[in-house]
Amino acid sequence: MTRVAVLHAGISAEREVSLATGIQVIAALRETGFEVDPIEVGADLGAVIRALTPKPDVVFNALHGRFGEDGVIQGVLDWLAIPYTHSGVRASAMAMHKQAAKALFQSAGLPVAPGRVVATMELESADPMPLPYVVKPVNEGSSVGVTIVRAGDNRRTEIARGWTFGSTALVEEYIPGRELTVALLDGRPLAVTEIRAVAGSFYDYESKYADGGSRHIIPAGVHPAIRDQALDVAAAAHRALGCRGATRCDFRYDDTKGEPGRLILLEINTQPGLTPTSLLPEQAAHCGMNFAQLCTWMVENASCQE
């Protein structure tokens with residue numbers, strides 16, 4: 001029997017998301033017949049390594065955020081020579097660093113939003129680009145810390161002074177319109193989903209994870225040319241970063257002047273959520289793969305040493 005260690009929890013701002021993902025994955029793998037060892041990850045890396053001794057056959061990486069999807073735990077697992085789910089060190093690190101990922105996307109000719117990294121002191125003193133714009137941490141996921149600054153908004157100084165995500169922030173042009181996403185399995189795009197936020201003004205943390213926080217429309221009701229472009233760009237982004245396993249690409253689609261409009265790639269997520277409200281399981285189900293089959297596919301496609 002294949003023994004699978006499930007790493008979940010972690011020490012990032014997305015700990016609660018990871019716990020929710022872990023609960024779902026552990027139940028699904030046990031239902032499928034795997035021997036499952038849940039490992040709740042904390043700040044003690046030595047304890048994690050001890051929990052992985054003797055080595056399991058596979059590690060299911062259900063961690064989110066820093067130290068879980070930024071290449072750090074992936075490097076540890078490569079060192080230990082334990083196959084693990086999702087992307088490897090390099091792809092994980094590049095995807096988590098939004099500006100580094102954007103540079104690679106641009107070099108591959110993919111459409112991204114104009115923007116730059118600024119010091120928080122610069123943000124405090126003046127608008128770094130014309131309004132409206134988006135301020136986001138360079139190294140966080142799940143829309144943690146993302147804020148839209150609009151015309152007539154007086155929060156810029158408050159945002160800069162209360163910033164807890166390092167000395168810099170990524171500032172990008174705000175793209176109006178709709179939110180789209182494409183999940184991929186080993187580079188194969190599954191579908192295009194439109195996300196309509198309910199809990200927040202955009203697809204923020206609460207809209208992502210609160211019960212009823214968003215509506216997911218699959219397949220998205222967009223122009224066929226945009227559907228095809230989203231599928232193609234998602235596959236190209238996966239390749240550009242050298243990702244493997246399951247990923248998800250997020251887009252903004254500006255159709256405010258009619259269709260087909262302007263499609264902008266925001267980011268690629270190398271550790272898509274596997275909670276009851278998550279998008280990857282929905283797209284997999286849309287393609288005929290239930291949750292247990294999806295988790296089994298991830299285990300069967302685990303690897304290490306890029």
# chains A, B, ... in the order shown; residues from 1 in each chain; ligands from 1

$ select_by_dssp --residues "range 214-282 of chain A" --states "helix (DSSP H, G or I)" --output "PyMOL selection string"
chain A and resi 224-241+279-282

$ write_last_selection --atoms "C-alpha atoms" --output "mmCIF file, in the first residue's frame"
data_model
loop_
_atom_site.group_PDB
_atom_site.id
_atom_site.type_symbol
_atom_site.label_atom_id
_atom_site.label_comp_id
_atom_site.auth_asym_id
_atom_site.auth_seq_id
_atom_site.Cartn_x
_atom_site.Cartn_y
_atom_site.Cartn_z
ATOM 1 C CA PRO A 224 -14.963 32.028 -27.975
ATOM 2 C CA ALA A 225 -11.767 33.872 -28.966
ATOM 3 C CA ILE A 226 -11.204 34.882 -25.322
ATOM 4 C CA ARG A 227 -11.940 31.361 -24.104
ATOM 5 C CA ASP A 228 -9.346 29.962 -26.491
ATOM 6 C CA GLN A 229 -6.845 32.691 -25.615
ATOM 7 C CA ALA A 230 -7.249 32.023 -21.876
ATOM 8 C CA LEU A 231 -6.619 28.300 -22.384
ATOM 9 C CA ASP A 232 -3.578 28.967 -24.569
ATOM 10 C CA VAL A 233 -2.062 31.620 -22.285
ATOM 11 C CA ALA A 234 -2.552 29.425 -19.210
ATOM 12 C CA ALA A 235 -0.701 26.552 -20.882
ATOM 13 C CA ALA A 236 2.074 28.919 -22.010
ATOM 14 C CA ALA A 237 2.433 30.367 -18.484
ATOM 15 C CA HIS A 238 2.720 26.849 -17.029
ATOM 16 C CA ARG A 239 5.485 26.082 -19.528
ATOM 17 C CA ALA A 240 7.263 29.420 -19.085
ATOM 18 C CA LEU A 241 7.834 28.787 -15.379
ATOM 19 C CA LEU A 279 -11.805 26.239 -8.352
ATOM 20 C CA LEU A 280 -9.503 23.378 -9.398
ATOM 21 C CA PRO A 281 -11.786 20.610 -8.039
ATOM 22 C CA GLU A 282 -14.758 22.269 -9.766
#

$ residues_around --residues "Ala43 in chain A" --least-positions-apart "6" --cutoff "10 Å" --atoms "only C-alpha atoms" --output "list in words"
Gly10, Ile11, Ser12 and Phe67 of chain A

$ write_last_selection --atoms "all heavy atoms" --output "PDB file, in the first residue's frame"
ATOM      1  N   GLY A  10       1.189  24.822   8.264  1.00  0.00           N
ATOM      2  CA  GLY A  10       2.262  25.737   7.915  1.00  0.00           C
ATOM      3  C   GLY A  10       2.285  26.986   8.775  1.00  0.00           C
ATOM      4  O   GLY A  10       1.524  27.122   9.736  1.00  0.00           O
ATOM      5  N   ILE A  11       3.157  27.930   8.394  1.00  0.00           N
ATOM      6  CA  ILE A  11       3.356  29.135   9.214  1.00  0.00           C
ATOM      7  C   ILE A  11       3.115  30.406   8.414  1.00  0.00           C
ATOM      8  O   ILE A  11       3.535  31.485   8.815  1.00  0.00           O
ATOM      9  CB  ILE A  11       4.774  29.153   9.831  1.00  0.00           C
ATOM     10  CG1 ILE A  11       5.860  29.068   8.748  1.00  0.00           C
ATOM     11  CG2 ILE A  11       4.929  28.011  10.824  1.00  0.00           C
ATOM     12  CD1 ILE A  11       7.282  29.206   9.304  1.00  0.00           C
ATOM     13  N   SER A  12       2.422  30.296   7.300  1.00  0.00           N
ATOM     14  CA  SER A  12       2.167  31.474   6.470  1.00  0.00           C
ATOM     15  C   SER A  12       0.828  32.109   6.845  1.00  0.00           C
ATOM     16  O   SER A  12       0.070  31.596   7.683  1.00  0.00           O
ATOM     17  CB  SER A  12       2.141  31.079   4.987  1.00  0.00           C
ATOM     18  OG  SER A  12       0.907  30.484   4.650  1.00  0.00           O
ATOM     19  N   PHE A  67       6.885  29.524   2.511  1.00  0.00           N
ATOM     20  CA  PHE A  67       7.494  28.306   3.050  1.00  0.00           C
ATOM     21  C   PHE A  67       6.765  27.037   2.615  1.00  0.00           C
ATOM     22  O   PHE A  67       7.248  25.944   2.849  1.00  0.00           O
ATOM     23  CB  PHE A  67       7.613  28.344   4.582  1.00  0.00           C
ATOM     24  CG  PHE A  67       8.346  29.549   5.098  1.00  0.00           C
ATOM     25  CD1 PHE A  67       7.662  30.572   5.747  1.00  0.00           C
ATOM     26  CD2 PHE A  67       9.702  29.682   4.901  1.00  0.00           C
ATOM     27  CE1 PHE A  67       8.342  31.699   6.202  1.00  0.00           C
ATOM     28  CE2 PHE A  67      10.385  30.802   5.349  1.00  0.00           C
ATOM     29  CZ  PHE A  67       9.702  31.810   6.007  1.00  0.00           C
TER      30      PHE A  67
END

$ closest_atom_pairs --of "range 43-74 of chain A" --to "range 82-92 of chain A" --cutoff "6 Å" --atoms "only C-alpha atoms" --output "Markdown table"
| residue | atom | partner | partner_atom | distance |
| --- | --- | --- | --- | --- |
| A:Val58 | CA | A:Pro83 | CA | 5.1 |
| A:Val59 | CA | A:Tyr84 | CA | 4.6 |
| A:Phe60 | CA | A:Thr85 | CA | 5.3 |
| A:Asn61 | CA | A:Thr85 | CA | 5.8 |
| A:Glu69 | CA | A:Ser92 | CA | 5.8 |
| A:Asp70 | CA | A:Ser92 | CA | 4.9 |
| A:Gly71 | CA | A:Val89 | CA | 4.1 |
| A:Gln74 | CA | A:Val89 | CA | 5.3 |

$ atom_distance --atom1 "CA of Arg3 in chain A" --atom2 "CA of Glu35 in chain A"
4.6 Å

$ residues_around --residues "Ala28 in chain A" --least-positions-apart "3" --cutoff "10 Å" --atoms "only C-alpha atoms" --output "PyMOL selection string"
chain A and resi 22-25+31-34+36+290-296

$ write_last_selection --atoms "all heavy atoms" --output "CSV table (one decimal), in the first residue's frame"
chain,number,residue,atom,x,y,z
A,22,GLY,N,-6.0,20.4,3.7
A,22,GLY,CA,-5.5,19.1,4.3
A,22,GLY,C,-6.6,18.2,4.7
A,22,GLY,O,-6.6,17.0,4.4
A,23,ILE,N,-7.6,18.7,5.3
A,23,ILE,CA,-8.8,17.9,5.8
A,23,ILE,C,-9.4,17.2,4.6
A,23,ILE,O,-9.7,16.0,4.6
A,23,ILE,CB,-9.8,18.8,6.5
A,23,ILE,CG1,-9.2,19.2,7.9
A,23,ILE,CG2,-11.1,18.1,6.7
A,23,ILE,CD1,-10.1,20.3,8.6
A,24,GLN,N,-9.6,18.0,3.5
A,24,GLN,CA,-10.3,17.4,2.3
A,24,GLN,C,-9.4,16.3,1.7
A,24,GLN,O,-9.9,15.2,1.3
A,24,GLN,CB,-10.5,18.5,1.3
A,24,GLN,CG,-11.4,19.6,1.8
A,24,GLN,CD,-12.8,19.2,2.0
A,24,GLN,OE1,-13.4,18.5,1.2
A,24,GLN,NE2,-13.4,19.6,3.1
A,25,VAL,N,-8.1,16.6,1.6
A,25,VAL,CA,-7.2,15.7,0.9
A,25,VAL,C,-7.0,14.4,1.7
A,25,VAL,O,-7.0,13.3,1.1
A,25,VAL,CB,-5.8,16.4,0.7
A,25,VAL,CG1,-4.8,15.4,0.2
A,25,VAL,CG2,-6.0,17.5,-0.4
A,31,GLU,N,-10.1,7.4,1.5
A,31,GLU,CA,-11.2,6.8,0.8
A,31,GLU,C,-10.8,6.0,-0.4
A,31,GLU,O,-11.3,4.9,-0.7
A,31,GLU,CB,-12.2,7.9,0.4
A,31,GLU,CG,-13.3,7.5,-0.6
A,31,GLU,CD,-14.0,8.7,-1.2
A,31,GLU,OE1,-14.1,9.7,-0.6
A,31,GLU,OE2,-14.5,8.5,-2.3
A,32,THR,N,-9.7,6.5,-1.0
A,32,THR,CA,-9.2,5.8,-2.2
A,32,THR,C,-8.3,4.6,-1.9
A,32,THR,O,-8.1,3.7,-2.7
A,32,THR,CB,-8.3,6.8,-3.0
A,32,THR,OG1,-9.1,8.0,-3.2
A,32,THR,CG2,-7.9,6.3,-4.4
A,33,GLY,N,-7.9,4.5,-0.6
A,33,GLY,CA,-7.2,3.3,-0.2
A,33,GLY,C,-5.7,3.5,0.1
A,33,GLY,O,-5.0,2.6,0.3
A,34,PHE,N,-5.3,4.8,0.1
A,34,PHE,CA,-3.9,5.1,0.5
A,34,PHE,C,-3.7,5.0,2.0
A,34,PHE,O,-4.7,5.3,2.8
A,34,PHE,CB,-3.5,6.5,0.0
A,34,PHE,CG,-3.3,6.6,-1.5
A,34,PHE,CD1,-4.4,7.2,-2.2
A,34,PHE,CD2,-2.3,6.1,-2.2
A,34,PHE,CE1,-4.3,7.3,-3.6
A,34,PHE,CE2,-2.2,6.2,-3.5
A,34,PHE,CZ,-3.2,6.8,-4.3
A,36,VAL,N,-2.4,7.0,4.9
A,36,VAL,CA,-2.2,8.5,5.0
A,36,VAL,C,-1.6,8.8,6.4
A,36,VAL,O,-2.2,8.4,7.4
A,36,VAL,CB,-3.5,9.2,4.7
A,36,VAL,CG1,-3.2,10.8,4.8
A,36,VAL,CG2,-4.0,8.9,3.3
A,290,ASN,N,-13.7,13.2,-10.4
A,290,ASN,CA,-14.1,13.6,-9.0
A,290,ASN,C,-12.9,14.0,-8.1
A,290,ASN,O,-11.8,13.8,-8.5
A,290,ASN,CB,-15.0,12.6,-8.4
A,290,ASN,CG,-14.3,11.3,-8.1
A,290,ASN,OD1,-13.2,11.2,-7.8
A,290,ASN,ND2,-15.1,10.2,-8.3
A,291,PHE,N,-13.2,14.4,-6.9
A,291,PHE,CA,-12.2,14.9,-6.0
A,291,PHE,C,-11.2,13.8,-5.6
A,291,PHE,O,-10.0,14.0,-5.6
A,291,PHE,CB,-12.8,15.5,-4.7
A,291,PHE,CG,-11.8,16.2,-3.9
A,291,PHE,CD1,-11.3,17.5,-4.2
A,291,PHE,CD2,-11.3,15.6,-2.7
A,291,PHE,CE1,-10.4,18.2,-3.4
A,291,PHE,CE2,-10.4,16.3,-1.9
A,291,PHE,CZ,-10.0,17.6,-2.3
A,292,ALA,N,-11.7,12.6,-5.3
A,292,ALA,CA,-10.8,11.5,-5.0
A,292,ALA,C,-9.9,11.2,-6.1
A,292,ALA,O,-8.7,10.9,-6.0
A,292,ALA,CB,-11.6,10.3,-4.5
A,293,GLN,N,-10.4,11.2,-7.3
A,293,GLN,CA,-9.6,10.9,-8.5
A,293,GLN,C,-8.6,12.0,-8.8
A,293,GLN,O,-7.5,11.7,-9.2
A,293,GLN,CB,-10.5,10.8,-9.8
A,293,GLN,CG,-11.4,9.5,-9.8
A,293,GLN,CD,-12.5,9.6,-10.8
A,293,GLN,OE1,-13.0,10.6,-11.2
A,293,GLN,NE2,-12.9,8.4,-11.3
A,294,LEU,N,-9.0,13.2,-8.5
A,294,LEU,CA,-8.0,14.3,-8.7
A,294,LEU,C,-6.8,14.2,-7.7
A,294,LEU,O,-5.7,14.3,-8.1
A,294,LEU,CB,-8.7,15.6,-8.4
A,294,LEU,CG,-7.9,16.9,-8.4
A,294,LEU,CD1,-7.2,17.2,-9.7
A,294,LEU,CD2,-8.7,18.1,-8.0
A,295,CYS,N,-7.1,13.9,-6.4
A,295,CYS,CA,-6.1,13.7,-5.4
A,295,CYS,C,-5.2,12.5,-5.8
A,295,CYS,O,-4.0,12.5,-5.6
A,295,CYS,CB,-6.6,13.5,-4.0
A,295,CYS,SG,-7.5,15.0,-3.4
A,296,THR,N,-5.8,11.4,-6.3
A,296,THR,CA,-5.1,10.2,-6.7
A,296,THR,C,-4.1,10.6,-7.9
A,296,THR,O,-3.0,10.1,-7.9
A,296,THR,CB,-6.0,9.1,-7.1
A,296,THR,OG1,-6.8,8.7,-6.0
A,296,THR,CG2,-5.3,7.9,-7.6

$ closest_residue --among "A:Pro219, A:Gly115, A:Gly68, A:Pro176" --to "Arg15 in chain A" --atoms "only C-alpha atoms"
A:Gly68

$ residues_around --residues "range 127-129 of chain A" --least-positions-apart "6" --cutoff "9 Å" --atoms "only C-alpha atoms" --output "PDB file with N, CA and C atoms, in the first residue's frame"
ATOM      1  N   GLY A 115       3.043  47.684 -14.512  1.00  0.00           N
ATOM      2  CA  GLY A 115       3.253  47.919 -13.089  1.00  0.00           C
ATOM      3  C   GLY A 115       4.720  47.834 -12.736  1.00  0.00           C
ATOM      4  N   ARG A 116       5.001  48.061 -11.455  1.00  0.00           N
ATOM      5  CA  ARG A 116       6.384  47.986 -10.980  1.00  0.00           C
ATOM      6  C   ARG A 116       6.401  47.804  -9.469  1.00  0.00           C
ATOM      7  N   VAL A 118       7.560  49.062  -5.893  1.00  0.00           N
ATOM      8  CA  VAL A 118       7.911  50.354  -5.290  1.00  0.00           C
ATOM      9  C   VAL A 118       8.201  50.157  -3.812  1.00  0.00           C
ATOM     10  N   ARG A 156      -4.220  55.685   0.582  1.00  0.00           N
ATOM     11  CA  ARG A 156      -2.871  55.332   0.151  1.00  0.00           C
ATOM     12  C   ARG A 156      -1.860  55.430   1.287  1.00  0.00           C
ATOM     13  N   VAL A 171       2.853  47.409  -7.523  1.00  0.00           N
ATOM     14  CA  VAL A 171       1.754  48.287  -7.916  1.00  0.00           C
ATOM     15  C   VAL A 171       1.473  48.044  -9.400  1.00  0.00           C
ATOM     16  N   GLU A 172       0.215  47.772  -9.723  1.00  0.00           N
ATOM     17  CA  GLU A 172      -0.165  47.469 -11.099  1.00  0.00           C
ATOM     18  C   GLU A 172      -1.396  48.262 -11.513  1.00  0.00           C
ATOM     19  N   GLU A 173      -1.503  48.505 -12.811  1.00  0.00           N
ATOM     20  CA  GLU A 173      -2.719  49.114 -13.366  1.00  0.00           C
ATOM     21  C   GLU A 173      -3.931  48.271 -12.989  1.00  0.00           C
TER      22      GLU A 173
END

$ residues_around --residues "Ser125 in chain A" --least-positions-apart "6" --cutoff "12 Å" --atoms "only C-alpha atoms" --output "CSV table (one decimal) with C-alpha atoms, in the first residue's frame"
chain,number,residue,atom,x,y,z
A,118,VAL,CA,7.9,50.4,-5.3
A,119,ALA,CA,9.2,51.1,-1.8
A,155,ARG,CA,-6.2,55.3,1.9
A,156,ARG,CA,-2.9,55.3,0.2
A,157,THR,CA,-0.9,56.7,3.1
A,158,GLU,CA,-2.8,54.4,5.5
A,159,ILE,CA,-2.0,51.4,3.3
A,160,ALA,CA,1.7,52.3,3.1
A,161,ARG,CA,2.1,52.9,6.9

$ atom_distance --atom1 "CA of Asn139 in chain A" --atom2 "CA of Gln99 in chain A"
9.0 Å

$ atom_distance --atom1 "CA of Leu7 in chain A" --atom2 "CA of Leu170 in chain A"
29.6 Å

$ closest_residue --among "A:Ala191, A:Ile264, A:Leu180, A:Val4" --to "Arg215 in chain A" --atoms "only C-alpha atoms"
A:Leu180

$ select_by_dssp --residues "range 35-274 of chain A" --states "strand (DSSP E)" --output "MDAnalysis selection string"
chainID A and resid 35:41 58:61 115:119 133:136 147:149 168:173 178:185 188:189 193:197 214:217 246:254 262:269
